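Visitor: Here it is, the structure in full.
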Amino acid sequence: MKINQVISQMDLEEKIIKSKSGANPDSTGLTIQLTTDEDDHRPVYLSGNFNDWATQDRRFLLQKVEFGKYIFQFPQDFNYPDELAYKFTKGDWSEVEIDRYGNRTPNRHCQKKSGVQLEHVPRWRKNWLPYRPSQLPQVHLISEEFEIPQLNKKRKVWALLPHDYDTSTEHYPVLYLQDAQNLFNENAAFGNWQIDKKLAVMSDYGIGKIIIIAIEHADKERLIEYNVGKTLLGEGQGKQYIRFVTDTLKPFIDKNFRTKSDREHTGIGGSSMGGLVSIFSGLMYPEVYGKLMIFSPSLWVIPKIKLSFPHFYEPMDTKIYLYAGGDESETMIKHVKKFKKRLLKKENVRDKIQVNLSINHEGKHSETYWSDEFPKAIEWLFFSERKGSE
């Protein structure tokens, strides 16, 4: 195709978009026109150095003109940086643009402050996938039979290390997760969280450098082991289990791996009963765990959960990512909202504890939905101070 034909085609494209959107590319202010080969119902946002790389900023929502065609016009009074740096997302870094081979793309740049900037996106991530095999974390079996002296039991424990752990000298934050059988096992009966694949993609964006310690559950004794105190399920062994993770396993991990062992860089989490025992871990040992990842906690077993622990009189800075699905049970969302309200009831607690409550009204009680939430929780808990996308 000759150059003048290409220009004519671009002019035609602008006229089509202009007529269908009502936008005026010739007016003062920069107009971005986006085409994409892969389109769906998800909205498209601009994220860049002009809005602290926020991924769901409605001020920078593109208007859909037709399938595969979008437009955005900066306001006339917009305060442009010297150079715009940006990416297109479908509302989250897990839904960011990628190239046609599935690889991450560099930030886009533009020095214009008026006129038209034509852009094209071949593909989009969906739920952090696809991933690069070279970025997969190292899956290390710590022990087939790790001693749990508090319960006179043995348990299989895994470590997922950053892919370049062996060639690095870095120290890493640590997240202790329950129910290891369902975290990265492709043969898990109920599916798995795919945390290995999610961490592989996240590492490309600078938010996956973390050590995950995955503790297998006790099979038939899982409920009693994760049950703390006396609840609707009866007398549990949760306090002994929490002491194992805190007093036995954590010191071993800090001694044998390059960890950031302080509470600011130590988290614990899980789903369902694993979420419940993780809540109590944070309540009982706030000096150890500064971050809690709580998915669909089984709060129904202890509807009058006590929050009268001594540290609530002098609370410590803590971040809690709390997730619930609307299609899990009739009471799941009600329970988590009530828990958050009770947790933040005292003013001195509200000043110290941050709770990010994430609700998916279509979410079911399953690994699929916890998998979706995992990268978002990791980013908010451990990497939310990160600026930029490169």
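Each chain in the structure tokens gets a letter, A, B, ..., in the order shown, and its residues are numbered from 1; ligands are numbered from 1 in order too.
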Please report as a tab-separated table every residue of stretch 324-385 of chain A lying within 12 Å of stretch 94-109 of chain A, along with the nearest atom pair and their distance in Å (one decimal), using only C-alpha atoms.
Guide:
residue	atom	partner	partner_atom	distance
A:Ser371	CA	A:Ser94	CA	11.6
A:Asp372	CA	A:Ser94	CA	9.0
A:Glu373	CA	A:Ser94	CA	10.0
A:Phe374	CA	A:Ser94	CA	10.5
A:Pro375	CA	A:Ser94	CA	7.6
A:Lys376	CA	A:Ser94	CA	8.0
A:Ala377	CA	A:Ser94	CA	11.6
A:Ile378	CA	A:Ser94	CA	11.8
A:Glu379	CA	A:Ser94	CA	10.4
Visitor: Take the residues just selected and output them with N, CA, C and O atoms as a tab-separated table (two decimals), in the first residue's frame.
Guide:
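Full text of out-v3.tsv as output:
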chain	number	residue	atom	x	y	z
A	371	SER	N	-8.29	-17.99	43.11
A	371	SER	CA	-7.19	-17.80	42.17
A	371	SER	C	-7.25	-16.42	41.54
A	371	SER	O	-6.23	-15.73	41.40
A	372	ASP	N	-8.46	-15.99	41.17
A	372	ASP	CA	-8.63	-14.66	40.58
A	372	ASP	C	-8.18	-13.57	41.55
A	372	ASP	O	-7.61	-12.55	41.15
A	373	GLU	N	-8.45	-13.79	42.82
A	373	GLU	CA	-8.20	-12.75	43.82
A	373	GLU	C	-6.75	-12.72	44.29
A	373	GLU	O	-6.28	-11.69	44.79
A	374	PHE	N	-6.05	-13.83	44.17
A	374	PHE	CA	-4.70	-13.96	44.71
A	374	PHE	C	-3.74	-12.86	44.26
A	374	PHE	O	-3.10	-12.21	45.11
A	375	PRO	N	-3.59	-12.59	42.95
A	375	PRO	CA	-2.64	-11.55	42.55
A	375	PRO	C	-3.02	-10.16	43.06
A	375	PRO	O	-2.15	-9.37	43.42
A	376	LYS	N	-4.31	-9.87	43.09
A	376	LYS	CA	-4.76	-8.56	43.57
A	376	LYS	C	-4.40	-8.40	45.05
A	376	LYS	O	-3.99	-7.31	45.49
A	377	ALA	N	-4.59	-9.48	45.80
A	377	ALA	CA	-4.27	-9.42	47.23
A	377	ALA	C	-2.77	-9.27	47.45
A	377	ALA	O	-2.33	-8.46	48.29
A	378	ILE	N	-1.97	-10.02	46.70
A	378	ILE	CA	-0.51	-9.92	46.82
A	378	ILE	C	-0.05	-8.50	46.53
A	378	ILE	O	0.76	-7.92	47.26
A	379	GLU	N	-0.57	-7.93	45.44
A	379	GLU	CA	-0.15	-6.58	45.07
A	379	GLU	C	-0.50	-5.57	46.15
A	379	GLU	O	0.33	-4.74	46.55
Visitor: Run DSSP on the backbone and give me the residues of stretch 102-284 of chain A it puts in alpha helix (DSSP H), as an MDAnalysis selection string.
Guide: chainID A and resid 195:204 222:226 238:243 250:256 273:284
Visitor: Using N, CA and C atoms, can you export the residues from the last selection as a tab-separated table (two decimals), in the first residue's frame?
Guide:
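Printed below is result.tsv as written:
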chain	number	residue	atom	x	y	z
A	195	ILE	N	-1.15	-20.50	41.84
A	195	ILE	CA	-0.29	-19.42	42.32
A	195	ILE	C	1.07	-19.42	41.64
A	196	ASP	N	1.53	-20.58	41.18
A	196	ASP	CA	2.82	-20.61	40.48
A	196	ASP	C	2.73	-19.83	39.17
A	197	LYS	N	1.65	-20.03	38.42
A	197	LYS	CA	1.48	-19.32	37.15
A	197	LYS	C	1.23	-17.83	37.38
A	198	LYS	N	0.44	-17.53	38.42
A	198	LYS	CA	0.17	-16.12	38.71
A	198	LYS	C	1.44	-15.38	39.12
A	199	LEU	N	2.27	-16.02	39.93
A	199	LEU	CA	3.52	-15.40	40.35
A	199	LEU	C	4.46	-15.21	39.17
A	200	ALA	N	4.41	-16.14	38.20
A	200	ALA	CA	5.26	-16.01	37.02
A	200	ALA	C	4.93	-14.74	36.26
A	201	VAL	N	3.65	-14.46	36.07
A	201	VAL	CA	3.26	-13.25	35.35
A	201	VAL	C	3.56	-12.01	36.19
A	202	MET	N	3.25	-12.09	37.48
A	202	MET	CA	3.46	-10.94	38.35
A	202	MET	C	4.91	-10.51	38.40
A	203	SER	N	5.83	-11.46	38.29
A	203	SER	CA	7.25	-11.12	38.35
A	203	SER	C	7.65	-10.21	37.20
A	204	ASP	N	6.95	-10.32	36.07
A	204	ASP	CA	7.21	-9.43	34.94
A	204	ASP	C	6.87	-7.98	35.25
A	222	ARG	N	-8.56	-31.81	58.91
A	222	ARG	CA	-8.39	-30.40	58.52
A	222	ARG	C	-9.28	-29.47	59.35
A	223	LEU	N	-10.57	-29.80	59.46
A	223	LEU	CA	-11.50	-28.91	60.15
A	223	LEU	C	-11.12	-28.70	61.60
A	224	ILE	N	-10.78	-29.78	62.28
A	224	ILE	CA	-10.44	-29.65	63.70
A	224	ILE	C	-9.12	-28.91	63.89
A	225	GLU	N	-8.21	-29.08	62.93
A	225	GLU	CA	-6.90	-28.44	63.05
A	225	GLU	C	-6.99	-26.93	62.79
A	226	TYR	N	-7.88	-26.51	61.92
A	226	TYR	CA	-8.04	-25.09	61.63
A	226	TYR	C	-9.08	-24.42	62.53
A	238	GLY	N	-6.84	-25.32	66.69
A	238	GLY	CA	-6.30	-24.18	65.96
A	238	GLY	C	-5.20	-23.43	66.68
A	239	LYS	N	-5.32	-23.28	67.98
A	239	LYS	CA	-4.29	-22.53	68.72
A	239	LYS	C	-2.94	-23.25	68.66
A	240	GLN	N	-2.98	-24.58	68.78
A	240	GLN	CA	-1.73	-25.35	68.68
A	240	GLN	C	-1.15	-25.25	67.27
A	241	TYR	N	-2.03	-25.29	66.26
A	241	TYR	CA	-1.56	-25.19	64.88
A	241	TYR	C	-0.92	-23.82	64.63
A	242	ILE	N	-1.55	-22.76	65.14
A	242	ILE	CA	-1.00	-21.41	64.97
A	242	ILE	C	0.36	-21.29	65.65
A	243	ARG	N	0.49	-21.90	66.81
A	243	ARG	CA	1.79	-21.87	67.49
A	243	ARG	C	2.85	-22.61	66.68
A	250	LYS	N	8.12	-20.75	61.23
A	250	LYS	CA	8.69	-19.47	60.82
A	250	LYS	C	10.17	-19.33	61.18
A	251	PRO	N	10.59	-19.66	62.41
A	251	PRO	CA	12.03	-19.58	62.71
A	251	PRO	C	12.87	-20.46	61.78
A	252	PHE	N	12.34	-21.64	61.42
A	252	PHE	CA	13.06	-22.52	60.49
A	252	PHE	C	13.20	-21.85	59.12
A	253	ILE	N	12.12	-21.26	58.64
A	253	ILE	CA	12.15	-20.61	57.33
A	253	ILE	C	13.12	-19.43	57.33
A	254	ASP	N	13.07	-18.61	58.38
A	254	ASP	CA	13.94	-17.44	58.46
A	254	ASP	C	15.42	-17.83	58.54
A	255	LYS	N	15.68	-19.00	59.11
A	255	LYS	CA	17.06	-19.47	59.24
A	255	LYS	C	17.59	-20.05	57.93
A	256	ASN	N	16.74	-20.67	57.15
A	256	ASN	CA	17.18	-21.43	55.98
A	256	ASN	C	16.94	-20.74	54.64
A	273	MET	N	-11.93	-22.38	56.02
A	273	MET	CA	-11.40	-22.59	57.37
A	273	MET	C	-9.94	-22.14	57.46
A	274	GLY	N	-9.22	-22.24	56.33
A	274	GLY	CA	-7.84	-21.73	56.29
A	274	GLY	C	-7.80	-20.23	56.46
A	275	GLY	N	-8.85	-19.54	56.00
A	275	GLY	CA	-8.96	-18.11	56.22
A	275	GLY	C	-9.25	-17.79	57.66
A	276	LEU	N	-10.11	-18.61	58.27
A	276	LEU	CA	-10.46	-18.38	59.67
A	276	LEU	C	-9.25	-18.54	60.59
A	277	VAL	N	-8.47	-19.61	60.39
A	277	VAL	CA	-7.30	-19.81	61.25
A	277	VAL	C	-6.26	-18.73	61.01
A	278	SER	N	-6.24	-18.16	59.80
A	278	SER	CA	-5.31	-17.07	59.50
A	278	SER	C	-5.72	-15.78	60.20
A	279	ILE	N	-7.04	-15.55	60.31
A	279	ILE	CA	-7.52	-14.40	61.08
A	279	ILE	C	-7.01	-14.48	62.52
A	280	PHE	N	-7.19	-15.65	63.13
A	280	PHE	CA	-6.77	-15.80	64.52
A	280	PHE	C	-5.25	-15.73	64.66
A	281	SER	N	-4.52	-16.14	63.64
A	281	SER	CA	-3.06	-16.01	63.68
A	281	SER	C	-2.67	-14.55	63.82
A	282	GLY	N	-3.34	-13.69	63.04
A	282	GLY	CA	-3.06	-12.26	63.12
A	282	GLY	C	-3.50	-11.64	64.43
A	283	LEU	N	-4.63	-12.13	64.98
A	283	LEU	CA	-5.13	-11.60	66.25
A	283	LEU	C	-4.24	-12.02	67.42
A	284	MET	N	-3.76	-13.27	67.37
A	284	MET	CA	-2.96	-13.79	68.48
A	284	MET	C	-1.51	-13.33	68.42
Visitor: Separation of atom CA of A:Glu287 and atom CA of A:Arg350, in Å?
Guide: 17.5 Å
Visitor: Grab the atom CA of A:Gln111 to atom CA of A:Gly206 distance for me, in Å with one decimal place.
Guide: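 If I compute the distance from atom CA of A:Gln111 to atom CA of A:Gly206, I get 25.9 Å.
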Visitor: Find the distance between atom CA of A:Thr28 and atom CA of A:Ser114 and write it in Å to one decimal.
Guide: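 Computing it gives 6.0 Å between the two atoms.
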